[in-house]
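One structure below.
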Amino acid sequence: MLNRARCHIKLPIIIATLVFVSLLATIYILKPKETKSANFTSAKATLGTSRFSYLAQINTGTSGSSNITIETSGNPDKDVDHLFPGDTVCFTNTEYLGCSDDTAYTVADTEGVDGDQFTISSPLASSLGSNDIVIATASGSLAIAVTLVNDVPNGGDMLITIPMADSVDGNDSFPDFNTTRATSGFDLNSIAVGDISVATATSGTCVNGDWTATETITEGSGSTDHTIRVDRSGSSCEADATTVTITIDSDPGIINPAPINAARTQGAADEYTINVKSRDNTDATIDESDVMVAPVEAVLVSATVEETLTFQVCGVKTDLSTQEAACFSTPASICGEAAALDVATYAFAVPFGAISTAESFLDAAQYMEISTNADSGYAVTIGQSDQMGKDGVTCTGNPTDPVATNCIPDNPGDANLDYNFSDDCDTASVNGLCFSQDNGPEAGAPTFAVKYDVQTNECDGSPTFCARSAADLEAPETPEAIISATTPVASHDAFVCWRLSIDGTQPAGYYYNKVKYIATPVF
């Protein structure tokens with residue numbers, strides 16, 4: 001009896017409970033769900049430049065000086081690590097009164113890691129004050145691309161919200177900053193409607209022209225951020241596979257913020273959130289996403305390339321078919337001599353040897369190769385200590401009488417051959433020493449002062465050996481460039497061809513002089 005009584009007591013309770021649960025379920029089912037916007041299928045933002053703008057306070061800068069020292073505390077940049085050679089900097093005061101032509105300079109160099117000094121390419125026009133600042137603006141394009149989830153109807157729009165630094169003029173073309181990322185942001189840099197473009201990629205009917213009816217740029221104020229609204233007119237923009245890209249172009253572009261003015265780690269980006277949404281004609285949000293951009297310090301990759309110059313002189317054998325390939329490849333001919341030369345040479349000597357036949361040319365050659373990274377190329381000059389004297393005797397002036405002077409003179413050619421004037425040196429009865437030049441077997445071709453087969457106003461007719469003499473340092477004469485270039489070269493080469501004939505009355509003996517080739521890079 002007791003158990004049954006308990007059952008009778010429980011039954012009404014169970015029934016009441018079931019009714020309550022059913023009521024709750026009914027209420028839940030009948031309550032409508034809240035309408036929520038969806039995220040875009042994809043959304044991204046791309047900065048044309050991800051580099052921070054630079055902003056530091058001046059410590060010293062004196063009129064007429066190119067050296068600038070900055071303060072190491074109190075502003076976003078506290079060193080010159082983020083300032084690079086070639087950057088354009090502007091000096092102004094903390095009231096941001098603007099930059100004029102006489103306040104803009106180019107950075108020439110920075111001084112050391114964590115340094116506080118830099119130099120500019122031209123001296124300051126006026127002294128800087130302790131309240132002045134130096135800025136280097138990093139500005140560029142900003143592209144926002146989203147793939148729609150829902151259609152954007154006629155009368156709807158795309159709304160982009162770009163962070164602005166609190167309590168500053170966010171449209172004065174100066175880089176902005178604050179103590180936190182939440183209160184910092186971008187300067188609009190006076191961009192106008194014509195600086196904004198819209199493009200769509202779609203398989204539906206969302207056409208570009210229907211986006212350009214109205215664009216509205218609203219500068220932020222206080223803690224309110226910048227907005228850019230692009231209106232939709234005409235047909236609706238179908239969501240089917242449609243990607244909408246809104247781009248602020250790079251001229252003038254928006255200005256990236258300077259680093260936040262607080263303790264921070266160099267190389268760590270400051271992340272900023274840009275909100276982008278599509279809306280209907282009542283400004284109700286359709287789709288919405290946040291995209292991130294992250295300005296960071298740029299990285300200066302630098303290396304010092306040492307000035308280089310390589311210059312090699314090689315001897316040439318008499319048999320052109322047996323040249324040593326280690327120095328140069330076998331040429332078909334040298335200065336018109338296709339089969340053989342009369343004299344074998346060395347890198348250090350042109351030994352004409354014992355001469356028993358007068359009024360007859362002896363031909364010899366040397367090979368030279370040069371490479372340099374000099375900006376303005378190189379020049380190879382040639383000079384001789386004197387004309388060839390017996391046992392090294394001094395050959396004063398122009399020794400035309402071989403018996404009286406004991407000298408073998410420089411060959412005068414047909415009439416006017418000299419160290420800076422070419423002439424034909426192809427008459428063996430006109431005695432003396434001369435030289436000419438020819439292309440080397442490599443690809444690099446220098447500028448020649450003289451070439452054996454080049455017809456000029458100096459070597460008229462059909463020259464067979466257009467030549468010059470080496471500058472006589474005893475005279476004295478100034479050495480002239482015999483080969484040269486005006487740009488860096490990897491491998492220029494040439495042959496220097498020597499030719500000698502003697503008079504029948506030349507006194508017996510040992511004749512010599514010393515010739516110097518001087519290779520000079522031009523930086």
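FYI, nothing fancy with the structure tokens labels: chains A, B, ... in order, residues from 1 per chain, ligands from 1 as they appear.
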>> To test your reading of the structure, identify every residue in stretch 242-399 of chain A that backbone DSSP assigns to strand (DSSP E or B), and report it as JSON, numbers by chain.
In response: {"A": [243, 244, 245, 246, 247, 248, 254, 255, 272, 273, 274, 275, 276, 277, 278, 279, 285, 286, 287, 288, 289, 290, 291, 292, 293, 296, 309, 310, 311, 312, 313, 314, 315, 319, 334, 337, 340, 346, 349, 362, 363, 364, 365, 366, 367, 368, 369, 370, 371, 372, 378, 379, 380, 381, 382, 383, 384, 388, 389, 390]}
Using only C-alpha atoms, which residues sit within 12 Å of stretch 77-85 of chain A once same-chain residues fewer than 5 positions away are excluded, as a PDB file with C-alpha atoms, in the first residue's frame?
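Result saved to selection09.pdb:
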```
ATOM      1  CA  ARG A  51      57.919  49.271 -44.574  1.00  0.00           C
ATOM      2  CA  PHE A  52      57.342  51.477 -41.544  1.00  0.00           C
ATOM      3  CA  SER A  53      57.581  55.207 -42.028  1.00  0.00           C
ATOM      4  CA  TYR A  54      60.494  56.776 -40.129  1.00  0.00           C
ATOM      5  CA  LEU A  55      60.068  59.491 -37.502  1.00  0.00           C
ATOM      6  CA  ALA A  56      62.715  60.645 -35.024  1.00  0.00           C
ATOM      7  CA  GLN A  57      63.496  63.793 -33.053  1.00  0.00           C
ATOM      8  CA  ILE A  58      66.553  65.899 -33.868  1.00  0.00           C
ATOM      9  CA  ASN A  59      69.369  66.340 -31.391  1.00  0.00           C
ATOM     10  CA  ILE A  68      72.636  64.806 -38.291  1.00  0.00           C
ATOM     11  CA  THR A  69      72.267  63.403 -34.763  1.00  0.00           C
ATOM     12  CA  ILE A  70      68.898  62.190 -33.464  1.00  0.00           C
ATOM     13  CA  GLU A  71      67.533  61.771 -29.945  1.00  0.00           C
ATOM     14  CA  THR A  72      67.616  58.222 -28.614  1.00  0.00           C
ATOM     15  CA  TYR A 105      67.394  65.760 -48.419  1.00  0.00           C
ATOM     16  CA  THR A 106      68.780  62.400 -49.474  1.00  0.00           C
ATOM     17  CA  VAL A 107      70.408  60.099 -46.918  1.00  0.00           C
ATOM     18  CA  ALA A 108      74.019  59.437 -47.887  1.00  0.00           C
ATOM     19  CA  ASP A 109      75.048  57.060 -45.108  1.00  0.00           C
ATOM     20  CA  THR A 110      74.200  55.844 -41.620  1.00  0.00           C
ATOM     21  CA  GLU A 111      76.702  55.235 -38.888  1.00  0.00           C
ATOM     22  CA  GLY A 112      76.963  51.820 -37.295  1.00  0.00           C
ATOM     23  CA  VAL A 113      74.443  49.468 -35.754  1.00  0.00           C
ATOM     24  CA  ASP A 114      72.178  51.126 -33.160  1.00  0.00           C
ATOM     25  CA  GLY A 115      73.818  54.437 -34.056  1.00  0.00           C
ATOM     26  CA  ASP A 116      72.218  57.839 -33.672  1.00  0.00           C
ATOM     27  CA  GLN A 117      73.854  59.639 -36.589  1.00  0.00           C
ATOM     28  CA  PHE A 118      73.394  59.818 -40.345  1.00  0.00           C
ATOM     29  CA  THR A 119      74.721  61.999 -43.139  1.00  0.00           C
ATOM     30  CA  ILE A 120      72.880  63.670 -45.982  1.00  0.00           C
ATOM     31  CA  SER A 121      74.125  64.161 -49.524  1.00  0.00           C
ATOM     32  CA  ILE A 133      61.812  66.015 -36.333  1.00  0.00           C
ATOM     33  CA  VAL A 134      63.083  64.025 -39.288  1.00  0.00           C
ATOM     34  CA  ILE A 135      60.695  61.837 -41.262  1.00  0.00           C
ATOM     35  CA  ALA A 136      61.012  59.419 -44.155  1.00  0.00           C
ATOM     36  CA  THR A 137      57.576  58.586 -45.504  1.00  0.00           C
ATOM     37  CA  ALA A 138      56.747  55.042 -46.595  1.00  0.00           C
ATOM     38  CA  PHE A 177      51.975  56.982 -34.616  1.00  0.00           C
ATOM     39  CA  PRO A 257      52.489  54.463 -39.675  1.00  0.00           C
ATOM     40  CA  ALA A 258      55.778  54.892 -37.872  1.00  0.00           C
ATOM     41  CA  PRO A 259      56.503  52.218 -35.245  1.00  0.00           C
ATOM     42  CA  ILE A 260      54.443  52.483 -32.096  1.00  0.00           C
ATOM     43  CA  ASN A 261      56.038  54.866 -29.613  1.00  0.00           C
ATOM     44  CA  ALA A 262      56.659  52.327 -26.854  1.00  0.00           C
ATOM     45  CA  ALA A 263      59.036  49.563 -25.885  1.00  0.00           C
ATOM     46  CA  ARG A 264      59.131  47.166 -28.825  1.00  0.00           C
ATOM     47  CA  THR A 265      61.254  44.527 -30.524  1.00  0.00           C
ATOM     48  CA  GLN A 266      62.889  45.534 -33.774  1.00  0.00           C
ATOM     49  CA  GLY A 267      61.873  43.226 -36.568  1.00  0.00           C
ATOM     50  CA  VAL A 296      57.601  46.171 -40.235  1.00  0.00           C
ATOM     51  CA  GLU A 297      61.134  47.534 -40.428  1.00  0.00           C
ATOM     52  CA  ALA A 298      62.693  47.062 -43.829  1.00  0.00           C
ATOM     53  CA  VAL A 299      65.917  45.088 -44.021  1.00  0.00           C
ATOM     54  CA  LEU A 300      68.997  46.727 -45.491  1.00  0.00           C
ATOM     55  CA  VAL A 301      70.993  44.021 -47.234  1.00  0.00           C
ATOM     56  CA  SER A 302      74.461  45.397 -47.812  1.00  0.00           C
TER      57      SER A 302
END
```
> Using only C-alpha atoms, which residues sit within 8 Å of A:Ala445 once same-chain residues fewer than 3 positions away are excluded, as a list in words?
Replying inline: Asn439, Gly440, Glu442, His492, Asp493 and Ala494 of chain A
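Our summary of the geometry notes that atom CA of A:Arg468 is positioned 24.6 Å from atom CA of A:Ser491.
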> Would you give me, as a list in words, the residues in stretch 171-397 of chain A that DSSP reads as helix (DSSP H, G or I)?
Replying inline: Arg181, Ala182, Thr183, Val193, Gly194, Asp195, Asn208, Gly209, Asp210, Trp211, Leu320, Ser321 and Thr322 of chain A
> Looking at A:Ser197, A:Asn150, A:Thr273, A:Thr202, which one is nearest to A:Met164, with distances taken over only C-alpha atoms?
Replying inline: A:Thr273
> Excluding same-chain residues fewer than 6 positions from A:Val293, what lies within 7 Å of it counting only C-alpha atoms, as a ChimeraX atom specification?
Replying inline: /A:45,271-273
Excluding A:Gly389 and any residue of its chain fewer than 3 positions from it, enumerate the residues within 10 Å of it, using only C-alpha atoms, and give them as a PDB file with C-alpha atoms, in the first residue's frame.
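What landed in around-v6.pdb:
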```pdb
ATOM      1  CA  ASP A 386     114.074  56.356 -73.370  1.00  0.00           C
ATOM      2  CA  GLY A 392     121.572  52.047 -72.185  1.00  0.00           C
ATOM      3  CA  VAL A 393     123.110  55.377 -73.161  1.00  0.00           C
ATOM      4  CA  THR A 394     120.788  58.386 -72.908  1.00  0.00           C
ATOM      5  CA  CYS A 395     119.221  59.284 -76.229  1.00  0.00           C
ATOM      6  CA  THR A 396     118.583  62.997 -75.886  1.00  0.00           C
ATOM      7  CA  PRO A 399     118.433  60.922 -82.283  1.00  0.00           C
ATOM      8  CA  PRO A 402     122.533  56.474 -85.328  1.00  0.00           C
ATOM      9  CA  THR A 405     124.211  59.121 -80.943  1.00  0.00           C
ATOM     10  CA  ASN A 406     124.607  55.344 -80.556  1.00  0.00           C
ATOM     11  CA  CYS A 407     120.786  55.157 -80.443  1.00  0.00           C
ATOM     12  CA  ILE A 408     118.083  53.337 -82.363  1.00  0.00           C
ATOM     13  CA  PRO A 409     115.412  56.033 -82.691  1.00  0.00           C
ATOM     14  CA  GLY A 509     126.471  46.739 -79.727  1.00  0.00           C
ATOM     15  CA  TYR A 510     123.686  45.926 -77.260  1.00  0.00           C
ATOM     16  CA  TYR A 511     120.766  48.345 -77.390  1.00  0.00           C
ATOM     17  CA  TYR A 512     117.884  48.478 -74.960  1.00  0.00           C
ATOM     18  CA  ASN A 513     115.313  50.536 -73.099  1.00  0.00           C
TER      19      ASN A 513
END
```
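Counting only C-alpha atoms and comparing A:Thr381, A:Ser484, A:Thr161, A:Thr318, the residue that lies closest to A:Lys516 is A:Thr381.
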> Which residues, written as a list in words, have at least one atom at most 6 Å from A:Gly377, with only C-alpha atoms counted and residues fewer than 6 positions away on the same chain left out?
Replying inline: Ala485, Thr486, Thr487, Pro488, Pro521 and Val522 of chain A
Selected residues, N, CA and C atoms, written as a PDB file, in the first residue's frame, please.
```
ATOM      1  N   ALA A 485      88.386  51.482 -71.772  1.00  0.00           N
ATOM      2  CA  ALA A 485      86.948  51.253 -71.764  1.00  0.00           C
ATOM      3  C   ALA A 485      86.338  52.231 -70.775  1.00  0.00           C
ATOM      4  N   THR A 486      85.064  52.501 -70.922  1.00  0.00           N
ATOM      5  CA  THR A 486      84.398  53.467 -70.042  1.00  0.00           C
ATOM      6  C   THR A 486      83.375  52.808 -69.129  1.00  0.00           C
ATOM      7  N   THR A 487      83.319  51.484 -69.106  1.00  0.00           N
ATOM      8  CA  THR A 487      82.412  50.739 -68.245  1.00  0.00           C
ATOM      9  C   THR A 487      83.155  49.563 -67.637  1.00  0.00           C
ATOM     10  N   PRO A 488      82.611  48.924 -66.595  1.00  0.00           N
ATOM     11  CA  PRO A 488      83.247  47.710 -66.067  1.00  0.00           C
ATOM     12  C   PRO A 488      83.340  46.640 -67.151  1.00  0.00           C
ATOM     13  N   PRO A 521      92.376  51.520 -63.139  1.00  0.00           N
ATOM     14  CA  PRO A 521      90.908  51.523 -63.111  1.00  0.00           C
ATOM     15  C   PRO A 521      90.393  52.941 -62.894  1.00  0.00           C
ATOM     16  N   VAL A 522      89.250  53.245 -63.447  1.00  0.00           N
ATOM     17  CA  VAL A 522      88.671  54.577 -63.320  1.00  0.00           C
ATOM     18  C   VAL A 522      87.374  54.449 -62.533  1.00  0.00           C
TER      19      VAL A 522
END
```
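Atom CA of A:Ile246 is found 9.0 Å from atom CA of A:Met158.
Among the candidates A:Gln387, A:Asn420, A:Ser356, A:Thr62, the one nearest to A:Glu480 when counting only C-alpha atoms is A:Asn420.
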Could the residues of stretch 41-113 of chain A that have an atom at most 10 Å from stretch 248-253 of chain A be listed as a Markdown table, each with its closest atom pair and the distance in Å to one decimal, counting only C-alpha atoms and ordered by chain and ascending residue number?
```
| residue | atom | partner | partner_atom | distance |
| --- | --- | --- | --- | --- |
| A:Leu47 | CA | A:Ile248 | CA | 9.6 |
| A:Gly48 | CA | A:Ser250 | CA | 7.2 |
| A:Thr49 | CA | A:Ser250 | CA | 9.3 |
```
Same residues, C-alpha atoms, output as a compact mmCIF listing (two decimals), in the first residue's frame:
```txt
# COMPACT_ATOMS: atom_id res chain seq x y z
CA LEU A 47 50.24 46.80 -48.98
CA GLY A 48 52.33 48.11 -51.84
CA THR A 49 55.09 48.68 -49.31
```
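In terms of minimum interatomic distance to A:Cys206, A:Thr243 ranks closest within A:Asn373, A:Thr243, A:Thr310, A:Ser63, counting only C-alpha atoms.
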>> If we count only C-alpha atoms and set the cut-off at 9 Å, which residues sit around A:Glu458, ignoring sequence neighbours fewer than 2 positions away in its own chain? Please answer as a count of residues only.
In response: 10
>> Just checking: using only C-alpha atoms, which residue out of A:Asp176, A:Glu215, A:Glu306, A:Asp240 ends up closest to A:Thr94?
In response: A:Asp176
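Relative to atom CA of A:Tyr378, atom CA of A:Val489 is found at 8.6 Å.
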> Using only C-alpha atoms, which residue out of A:Asp414, A:Gly220, A:Cys434, A:Pro441 lies closest to A:Ala332?
Replying inline: A:Pro441
